[in-house]
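Some notes on the structure that comes next.
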Amino acid sequence: DWSPDGKYLLVNYLEDNNWLTQNGLIESSGKGKLINLSQSGYDNNSPKWMCDGKMMIWFSNRHGMKNHASHGSESDVYGQFFDQKFYERFKMPNDEYLILKDADEKLKNPASPAGRKDTPKLDDKDKAAATATATTAKKEIKIDMDGLWDRKERLTIHSSHLADAVMSNDGDQMFYLAKFEKGYDLWQTKFKDNETKLFLKLDAPGAGDLTIDKEGKNLYLLADGKILKVNIDKKEKKEIGFKADMELKLAEERAYFFEHVYRQVDNKFYVTNLQGTDWKYYKKTYSKFLPYINNNRDFAEMLSEFLGELNASHTGCRANPKFENPDETGALGVYYDETYAGNGMKIVEVMEKGPLQNSNSQIKAGAIIEKIDGVEVDHKNVSYWALLNRKAKQTILLSVFDPSTNKRWDETVKPITLGEQGELMYQRWIKNRQKECDKLSDGKIGFMHVRAMDNDGFRAFYEQVLGKYANKEALVVDTRFNGGGWLHDDLATFLSGKKYIEFVPRERKIGEEPQNKWRRPSSVLISEGNYSDAQSPLSHWEREKG
């Protein structure tokens, strides 16, 4: 973010050997050293100049609630004051501040009734010189380095999911976009009054780019894809109309993207020799396909092949077409006998927690669904999947036959989505692996699958390992088919616990430390179905541990 006088830049950067983002100050001329302004072991981002360059604000997760898996948290707005005098005014009690503010007004407006009577009159030349001097003084930014890192303040009183923030020019109040409930709302803090309140309800799914005009009368922001103007005194919002037409030339757009991908790799690939890949040669080879591609699916496939020549992870391309009124097949939460030759759908298993597992249903394994909504399931003429198309969440009629009792009946049911059925299948797989592990180890070893390297995945894992399996002798940690995320260090640390104390009051053992780590043997399963940090860091940890 450029300083008002153009001499400095506020930047985000990474210190050497440190993933944490810091706030930096550097001269825009390129001279001088980069100064670490935040010097914080917490994450820092979005530094912005405020109050004509007398201070900056940024977001920090120091106080916010954090995900159990370390990554992801709430933030606060922080302020760092570059001007010692301005900082003293900010910290000044309200009564003292009002006296000082009144004195400043008299100096600025000496001709007013409240002004000084002894103020000398200036001719036009002197007025011009005074104006030029005042303008220059106002624009020039001076960083008071002495005590700079002590002039840091937390400006919000509650951590939240923040989108943006802005200070008034005098530093008396702050507006910020925070999400506590449905969406982002506009909040206001008056520092001298020690008052923070909801200023304007927006319920915006997305928001940001909050600015204030020079007079401090209006706020401008983006909310839910709209440009809004908010009058501060009236608390009124007004949408600013905007319209633009674009002529989309698909072939030229794809050609541009292809060139963009080529340059991104050439300039930013993690090793400069591109792992020995002749990138210019492959660009020439794959560009020959461009004139013959007329859809994004084929284009994405071609780009994936192109990037695949690098033989590197985290590369590829996807097409995400949006279909209007798409096919959405309903699911009954059962497994079918695919070898059954007769008409109907023969059930071999009813999934736990599925739509057919309830106190009113008579459908069990071995039953045959003969009709759906009165239409006979005839494999020669109609697919039973077609009879379930667009039936998710809708009540349908099943006509069922049980060969073991020779009984027929009708039942109503609400099918679930295929995604929901996939979740039932996953939970079934977990329980079966746990039963298998328990059986083969005579109940000595616990089993838990780490579904994803994220907060939810870690919470599910942590709960069962230290709850259900707390007294097991060993643990099998299955990470197969994990799509990755950012959990490797948390998981490796969790599995590396070593007991260093026992609590035994009155000869009764009640616990050990560390209590939030696994302290016994463990084994980690990894497969080629793992992706990102679900594979290599854990396999490295396992090799180190032996």
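Chains: A, B, ... in order of the structure tokens. Residues: from 1 per chain. Ligands: from 1, in order shown.
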- [ ] Would you mind writing down, as number ranges by chain, each residue of stretch 156-356 of chain A that DSSP on the backbone assigns to strand (DSSP E or B)?
- [x] A: 160-167, 173-179, 184-190, 195-204, 207-212, 218-223, 226-231, 236-240, 329-331, 334-336, 345-350
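Taking only C-alpha atoms, the non-local environment of A:Leu491 within 9 Å (same-chain residues fewer than 4 positions away omitted) comprises Ala69, Met453, Phe458, Leu487, Leu495, Ser496 and Leu538 of chain A.
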- [ ] Could you give me, as a VMD selection string, the residues within 9 Å of A:Lys54, counting only C-alpha atoms and dropping anything in the same chain fewer than 6 positions from it?
- [x] chain A and resid 80 to 84 86 to 87 141 to 143
Open item on the list: With only C-alpha atoms as the counted atoms, please give the residues lying no more than 12 Å from A:Arg318, apart from itself and same-chain residues fewer than 6 positions off, as a list in words.
Closed with: Asn296, Arg297, Asp298, Phe299, Ala300, Glu301, Met302, Leu303, Ser304 and Glu305 of chain A
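Take the candidates A:Arg151, A:Arg254, A:Lys214, A:Arg508 and check each one against A:Met55 using only C-alpha atoms; the shortest distance goes to A:Arg151.
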TODO: Compare A:Glu370, A:Asp489, A:Asp164, A:Glu473 by their minimum atom-to-atom distance to A:Asp76, counting only C-alpha atoms, and give me the closest one.
DONE: A:Asp164
Open item on the list: Here is a test: counting only C-alpha atoms, which residue of A:Gly354, A:Gly529, A:Pro403, A:Gly6 is nearest to A:Gly484?
Closed with: A:Gly529
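With only C-alpha atoms as the basis for measurement, A:Asp478 is the residue among A:Asp478, A:Asp104, A:Glu528, A:Asp233 that approaches A:Arg433 most closely.
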TODO: Name the residues in contact with A:Arg89 at a cut-off of 10 Å, using only C-alpha atoms, excluding same-chain residues fewer than 5 positions from it; report them as a PyMOL selection string.
DONE: chain A and resi 84+94+96-97+100-101+170-172
Open item on the list: When DSSP is applied to the backbone of this structure, which of stretch 477-521 of chain A are assigned helix (DSSP H, G or I)? Write them out as a ChimeraX atom specification.
Closed with: /A:488-494,505-507
- [ ] Pick out the residues sitting within 12 Å of A:Thr479, and hand them over as a ChimeraX atom specification; count only C-alpha atoms, and ignore anything fewer than 2 positions along from it in its own chain.
- [x] /A:430,447-453,457-458,461,476-477,481-484,487-488,491,523-539
File of the preceding selection, N, CA and C atoms, as a short mmCIF file (atom, residue, chain, number, x, y, z; two decimals), in the first residue's frame:
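Wrote it out as out.cif, contents follow:
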data_model
loop_
_atom_site.label_atom_id
_atom_site.label_comp_id
_atom_site.auth_asym_id
_atom_site.auth_seq_id
_atom_site.Cartn_x
_atom_site.Cartn_y
_atom_site.Cartn_z
N ILE A 430 -15.48 -46.69 7.66
CA ILE A 430 -14.72 -46.42 8.89
C ILE A 430 -15.06 -47.45 9.96
N PHE A 447 -8.21 -47.87 15.65
CA PHE A 447 -8.09 -47.46 14.25
C PHE A 447 -8.84 -46.14 14.04
N MET A 448 -8.21 -45.21 13.37
CA MET A 448 -8.89 -43.96 13.03
C MET A 448 -8.38 -43.45 11.69
N HIS A 449 -9.32 -43.02 10.87
CA HIS A 449 -8.97 -42.48 9.56
C HIS A 449 -8.95 -40.96 9.62
N VAL A 450 -7.91 -40.35 9.04
CA VAL A 450 -7.82 -38.90 8.92
C VAL A 450 -8.37 -38.54 7.55
N ARG A 451 -9.55 -37.99 7.55
CA ARG A 451 -10.27 -37.79 6.29
C ARG A 451 -9.68 -36.68 5.43
N ALA A 452 -9.31 -35.59 6.07
CA ALA A 452 -8.74 -34.45 5.36
C ALA A 452 -7.79 -33.72 6.29
N MET A 453 -6.80 -33.07 5.71
CA MET A 453 -5.83 -32.34 6.52
C MET A 453 -6.39 -30.95 6.85
N GLY A 457 -11.35 -32.49 9.98
CA GLY A 457 -10.72 -33.80 9.98
C GLY A 457 -9.96 -34.07 11.26
N PHE A 458 -9.25 -33.05 11.75
CA PHE A 458 -8.48 -33.22 12.97
C PHE A 458 -9.36 -33.36 14.20
N PHE A 461 -10.74 -36.86 14.36
CA PHE A 461 -9.65 -37.75 14.72
C PHE A 461 -9.30 -37.62 16.20
N VAL A 476 -3.58 -47.39 14.86
CA VAL A 476 -3.38 -47.36 13.40
C VAL A 476 -4.02 -46.08 12.88
N VAL A 477 -3.22 -45.24 12.26
CA VAL A 477 -3.70 -43.97 11.69
C VAL A 477 -3.73 -44.12 10.17
N PHE A 481 -6.32 -41.91 0.76
CA PHE A 481 -7.33 -41.16 -0.01
C PHE A 481 -7.57 -39.76 0.57
N ASN A 482 -6.64 -39.30 1.42
CA ASN A 482 -6.75 -37.96 1.99
C ASN A 482 -6.31 -36.95 0.93
N GLY A 483 -7.15 -35.94 0.70
CA GLY A 483 -6.87 -34.97 -0.35
C GLY A 483 -5.91 -33.87 0.04
N GLY A 484 -5.44 -33.86 1.29
CA GLY A 484 -4.46 -32.86 1.69
C GLY A 484 -5.07 -31.69 2.42
N LEU A 487 -2.21 -30.04 7.71
CA LEU A 487 -2.33 -30.65 9.03
C LEU A 487 -1.11 -31.48 9.41
N HIS A 488 -0.14 -31.57 8.51
CA HIS A 488 0.94 -32.52 8.71
C HIS A 488 1.69 -32.30 10.03
N LEU A 491 -0.48 -33.26 13.10
CA LEU A 491 -0.65 -34.70 13.22
C LEU A 491 0.65 -35.38 13.68
N SER A 523 1.09 -46.36 13.93
CA SER A 523 1.50 -46.67 12.57
C SER A 523 0.63 -45.87 11.61
N VAL A 524 1.24 -45.26 10.62
CA VAL A 524 0.52 -44.42 9.66
C VAL A 524 0.43 -45.11 8.31
N LEU A 525 -0.79 -45.26 7.80
CA LEU A 525 -1.01 -45.85 6.48
C LEU A 525 -1.11 -44.75 5.42
N ILE A 526 -0.37 -44.91 4.34
CA ILE A 526 -0.35 -43.95 3.24
C ILE A 526 -0.51 -44.71 1.94
N SER A 527 -1.18 -44.09 0.97
CA SER A 527 -1.36 -44.73 -0.32
C SER A 527 -1.13 -43.74 -1.44
N GLU A 528 -1.13 -44.24 -2.69
CA GLU A 528 -0.97 -43.34 -3.83
C GLU A 528 -2.21 -42.47 -4.03
N GLY A 529 -3.27 -42.80 -3.30
CA GLY A 529 -4.48 -41.98 -3.36
C GLY A 529 -4.38 -40.74 -2.49
N ASN A 530 -3.29 -40.62 -1.70
CA ASN A 530 -3.08 -39.42 -0.90
C ASN A 530 -2.64 -38.28 -1.81
N TYR A 531 -2.92 -37.05 -1.35
CA TYR A 531 -2.52 -35.90 -2.14
C TYR A 531 -1.96 -34.82 -1.23
N SER A 532 -1.09 -34.00 -1.79
CA SER A 532 -0.54 -32.84 -1.10
C SER A 532 0.13 -33.28 0.20
N ASP A 533 -0.09 -32.53 1.30
CA ASP A 533 0.66 -32.84 2.52
C ASP A 533 0.12 -34.06 3.25
N ALA A 534 -0.84 -34.75 2.68
CA ALA A 534 -1.31 -36.00 3.28
C ALA A 534 -0.33 -37.13 3.01
N GLN A 535 0.65 -36.90 2.15
CA GLN A 535 1.55 -37.98 1.77
C GLN A 535 2.98 -37.76 2.24
N SER A 536 3.71 -36.90 1.56
CA SER A 536 5.16 -36.86 1.77
C SER A 536 5.59 -36.47 3.19
N PRO A 537 5.02 -35.44 3.82
CA PRO A 537 5.51 -35.11 5.17
C PRO A 537 5.27 -36.23 6.17
N LEU A 538 4.11 -36.91 6.07
CA LEU A 538 3.82 -38.00 7.01
C LEU A 538 4.71 -39.20 6.75
N SER A 539 4.97 -39.47 5.47
CA SER A 539 5.84 -40.61 5.18
C SER A 539 7.26 -40.31 5.67
#
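Using only C-alpha atoms, the smallest distance between any of A:Ser361, A:Thr417, A:Ser383, A:Gln275 and A:Leu398 comes from A:Ser361.
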Open item on the list: I'd like the contact shell of A:Leu356 - 10 Å cut-off, only C-alpha atoms, skipping same-chain residues fewer than 2 positions apart - returned as a PyMOL selection string.
Closed with: chain A and resi 332-334+350-354+358-364+411-415
Those residues you just picked out, can you put them in a file as a short mmCIF file (atom, residue, chain, number, x, y, z; two decimals), in the first residue's frame with all heavy atoms?
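Output (part_20.cif):
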data_model
loop_
_atom_site.label_atom_id
_atom_site.label_comp_id
_atom_site.auth_asym_id
_atom_site.auth_seq_id
_atom_site.Cartn_x
_atom_site.Cartn_y
_atom_site.Cartn_z
N LEU A 332 -31.34 -44.18 -2.24
CA LEU A 332 -32.13 -44.80 -1.17
C LEU A 332 -31.27 -45.29 -0.01
O LEU A 332 -31.81 -45.82 0.96
CB LEU A 332 -32.95 -45.96 -1.74
CG LEU A 332 -33.97 -45.58 -2.82
CD1 LEU A 332 -34.64 -46.83 -3.37
CD2 LEU A 332 -35.01 -44.62 -2.25
N GLY A 333 -29.94 -45.13 -0.10
CA GLY A 333 -29.09 -45.56 1.00
C GLY A 333 -29.03 -47.06 1.15
O GLY A 333 -29.07 -47.57 2.27
N VAL A 334 -28.93 -47.77 0.03
CA VAL A 334 -28.85 -49.23 0.08
C VAL A 334 -27.81 -49.72 -0.93
O VAL A 334 -27.43 -49.00 -1.86
CB VAL A 334 -30.22 -49.89 -0.26
CG1 VAL A 334 -31.26 -49.52 0.77
CG2 VAL A 334 -30.67 -49.52 -1.65
N VAL A 350 -28.95 -52.50 3.86
CA VAL A 350 -29.52 -51.17 4.11
C VAL A 350 -28.52 -50.40 4.97
O VAL A 350 -28.13 -50.84 6.04
CB VAL A 350 -30.88 -51.27 4.85
CG1 VAL A 350 -31.40 -49.88 5.17
CG2 VAL A 350 -31.88 -52.05 4.02
N MET A 351 -28.09 -49.26 4.50
CA MET A 351 -27.06 -48.49 5.19
C MET A 351 -27.62 -47.87 6.47
O MET A 351 -28.77 -47.43 6.53
CB MET A 351 -26.52 -47.37 4.29
CG MET A 351 -25.85 -47.85 3.02
SD MET A 351 -25.27 -46.45 2.04
CE MET A 351 -24.98 -47.27 0.46
N GLU A 352 -26.76 -47.80 7.49
CA GLU A 352 -27.12 -47.16 8.74
C GLU A 352 -27.37 -45.66 8.51
O GLU A 352 -26.66 -45.01 7.75
CB GLU A 352 -26.00 -47.31 9.77
CG GLU A 352 -25.84 -48.73 10.30
CD GLU A 352 -24.81 -48.82 11.39
OE1 GLU A 352 -24.38 -47.74 11.89
OE2 GLU A 352 -24.41 -49.93 11.76
N LYS A 353 -28.42 -45.16 9.17
CA LYS A 353 -28.81 -43.75 9.09
C LYS A 353 -29.34 -43.34 7.71
O LYS A 353 -29.49 -42.16 7.44
CB LYS A 353 -27.65 -42.84 9.49
CG LYS A 353 -27.18 -43.04 10.92
CD LYS A 353 -26.08 -42.05 11.27
CE LYS A 353 -25.61 -42.26 12.70
NZ LYS A 353 -24.53 -41.31 13.07
N GLY A 354 -29.59 -44.33 6.85
CA GLY A 354 -30.15 -44.04 5.54
C GLY A 354 -31.65 -43.82 5.62
O GLY A 354 -32.29 -44.05 6.66
N ASN A 358 -35.49 -46.75 9.44
CA ASN A 358 -36.31 -46.03 10.41
C ASN A 358 -37.32 -47.00 11.02
O ASN A 358 -37.50 -48.13 10.53
CB ASN A 358 -37.02 -44.84 9.75
CG ASN A 358 -37.92 -45.26 8.61
OD1 ASN A 358 -39.00 -45.81 8.83
ND2 ASN A 358 -37.49 -45.00 7.37
N SER A 359 -37.99 -46.57 12.06
CA SER A 359 -38.88 -47.46 12.82
C SER A 359 -40.11 -47.89 12.02
O SER A 359 -40.74 -48.89 12.35
CB SER A 359 -39.32 -46.76 14.12
OG SER A 359 -39.99 -45.53 13.82
N ASN A 360 -40.46 -47.17 10.96
CA ASN A 360 -41.67 -47.50 10.19
C ASN A 360 -41.39 -48.39 8.99
O ASN A 360 -42.31 -48.98 8.43
CB ASN A 360 -42.34 -46.20 9.70
CG ASN A 360 -42.83 -45.34 10.86
OD1 ASN A 360 -43.33 -45.86 11.85
ND2 ASN A 360 -42.66 -44.03 10.73
N SER A 361 -40.13 -48.48 8.58
CA SER A 361 -39.82 -49.24 7.37
C SER A 361 -39.70 -50.74 7.66
O SER A 361 -39.14 -51.15 8.68
CB SER A 361 -38.51 -48.73 6.76
OG SER A 361 -38.18 -49.49 5.61
N GLN A 362 -40.23 -51.54 6.73
CA GLN A 362 -40.12 -53.00 6.82
C GLN A 362 -39.07 -53.54 5.87
O GLN A 362 -38.84 -54.74 5.79
CB GLN A 362 -41.47 -53.65 6.48
CG GLN A 362 -42.63 -53.22 7.34
CD GLN A 362 -43.93 -53.86 6.90
OE1 GLN A 362 -44.01 -55.09 6.72
NE2 GLN A 362 -44.97 -53.04 6.70
N ILE A 363 -38.44 -52.65 5.11
CA ILE A 363 -37.48 -53.08 4.09
C ILE A 363 -36.18 -53.53 4.75
O ILE A 363 -35.56 -52.80 5.51
CB ILE A 363 -37.20 -51.94 3.09
CG1 ILE A 363 -38.50 -51.53 2.40
CG2 ILE A 363 -36.17 -52.36 2.07
CD1 ILE A 363 -38.35 -50.35 1.46
N LYS A 364 -35.79 -54.77 4.44
CA LYS A 364 -34.56 -55.35 4.96
C LYS A 364 -33.74 -55.94 3.82
O LYS A 364 -34.19 -55.95 2.67
CB LYS A 364 -34.88 -56.47 5.98
CG LYS A 364 -35.85 -56.06 7.09
CD LYS A 364 -35.27 -54.98 7.98
CE LYS A 364 -36.26 -54.59 9.10
NZ LYS A 364 -35.79 -53.44 9.90
N GLU A 411 -44.38 -48.61 0.55
CA GLU A 411 -43.81 -47.70 1.54
C GLU A 411 -43.49 -46.36 0.89
O GLU A 411 -43.10 -46.31 -0.28
CB GLU A 411 -42.50 -48.26 2.13
CG GLU A 411 -42.69 -49.25 3.23
CD GLU A 411 -41.37 -49.56 3.95
OE1 GLU A 411 -40.44 -48.71 3.87
OE2 GLU A 411 -41.29 -50.62 4.58
N THR A 412 -43.68 -45.29 1.65
CA THR A 412 -43.25 -43.98 1.17
C THR A 412 -41.89 -43.65 1.78
O THR A 412 -41.60 -44.02 2.93
CB THR A 412 -44.24 -42.87 1.55
OG1 THR A 412 -44.41 -42.85 2.97
CG2 THR A 412 -45.59 -43.09 0.88
N VAL A 413 -41.06 -42.94 1.02
CA VAL A 413 -39.71 -42.62 1.46
C VAL A 413 -39.25 -41.35 0.77
O VAL A 413 -39.71 -41.03 -0.34
CB VAL A 413 -38.73 -43.79 1.16
CG1 VAL A 413 -38.61 -44.03 -0.33
CG2 VAL A 413 -37.37 -43.53 1.79
N LYS A 414 -38.34 -40.62 1.40
CA LYS A 414 -37.71 -39.45 0.78
C LYS A 414 -36.26 -39.79 0.46
O LYS A 414 -35.43 -39.90 1.37
CB LYS A 414 -37.76 -38.23 1.71
CG LYS A 414 -39.11 -37.54 1.76
CD LYS A 414 -39.01 -36.25 2.56
CE LYS A 414 -40.34 -35.52 2.56
NZ LYS A 414 -40.25 -34.25 3.32
N PRO A 415 -35.93 -40.00 -0.81
CA PRO A 415 -34.54 -40.29 -1.18
C PRO A 415 -33.60 -39.15 -0.78
O PRO A 415 -34.01 -37.98 -0.69
CB PRO A 415 -34.59 -40.45 -2.69
CG PRO A 415 -36.01 -40.79 -3.00
CD PRO A 415 -36.81 -40.03 -1.99
#
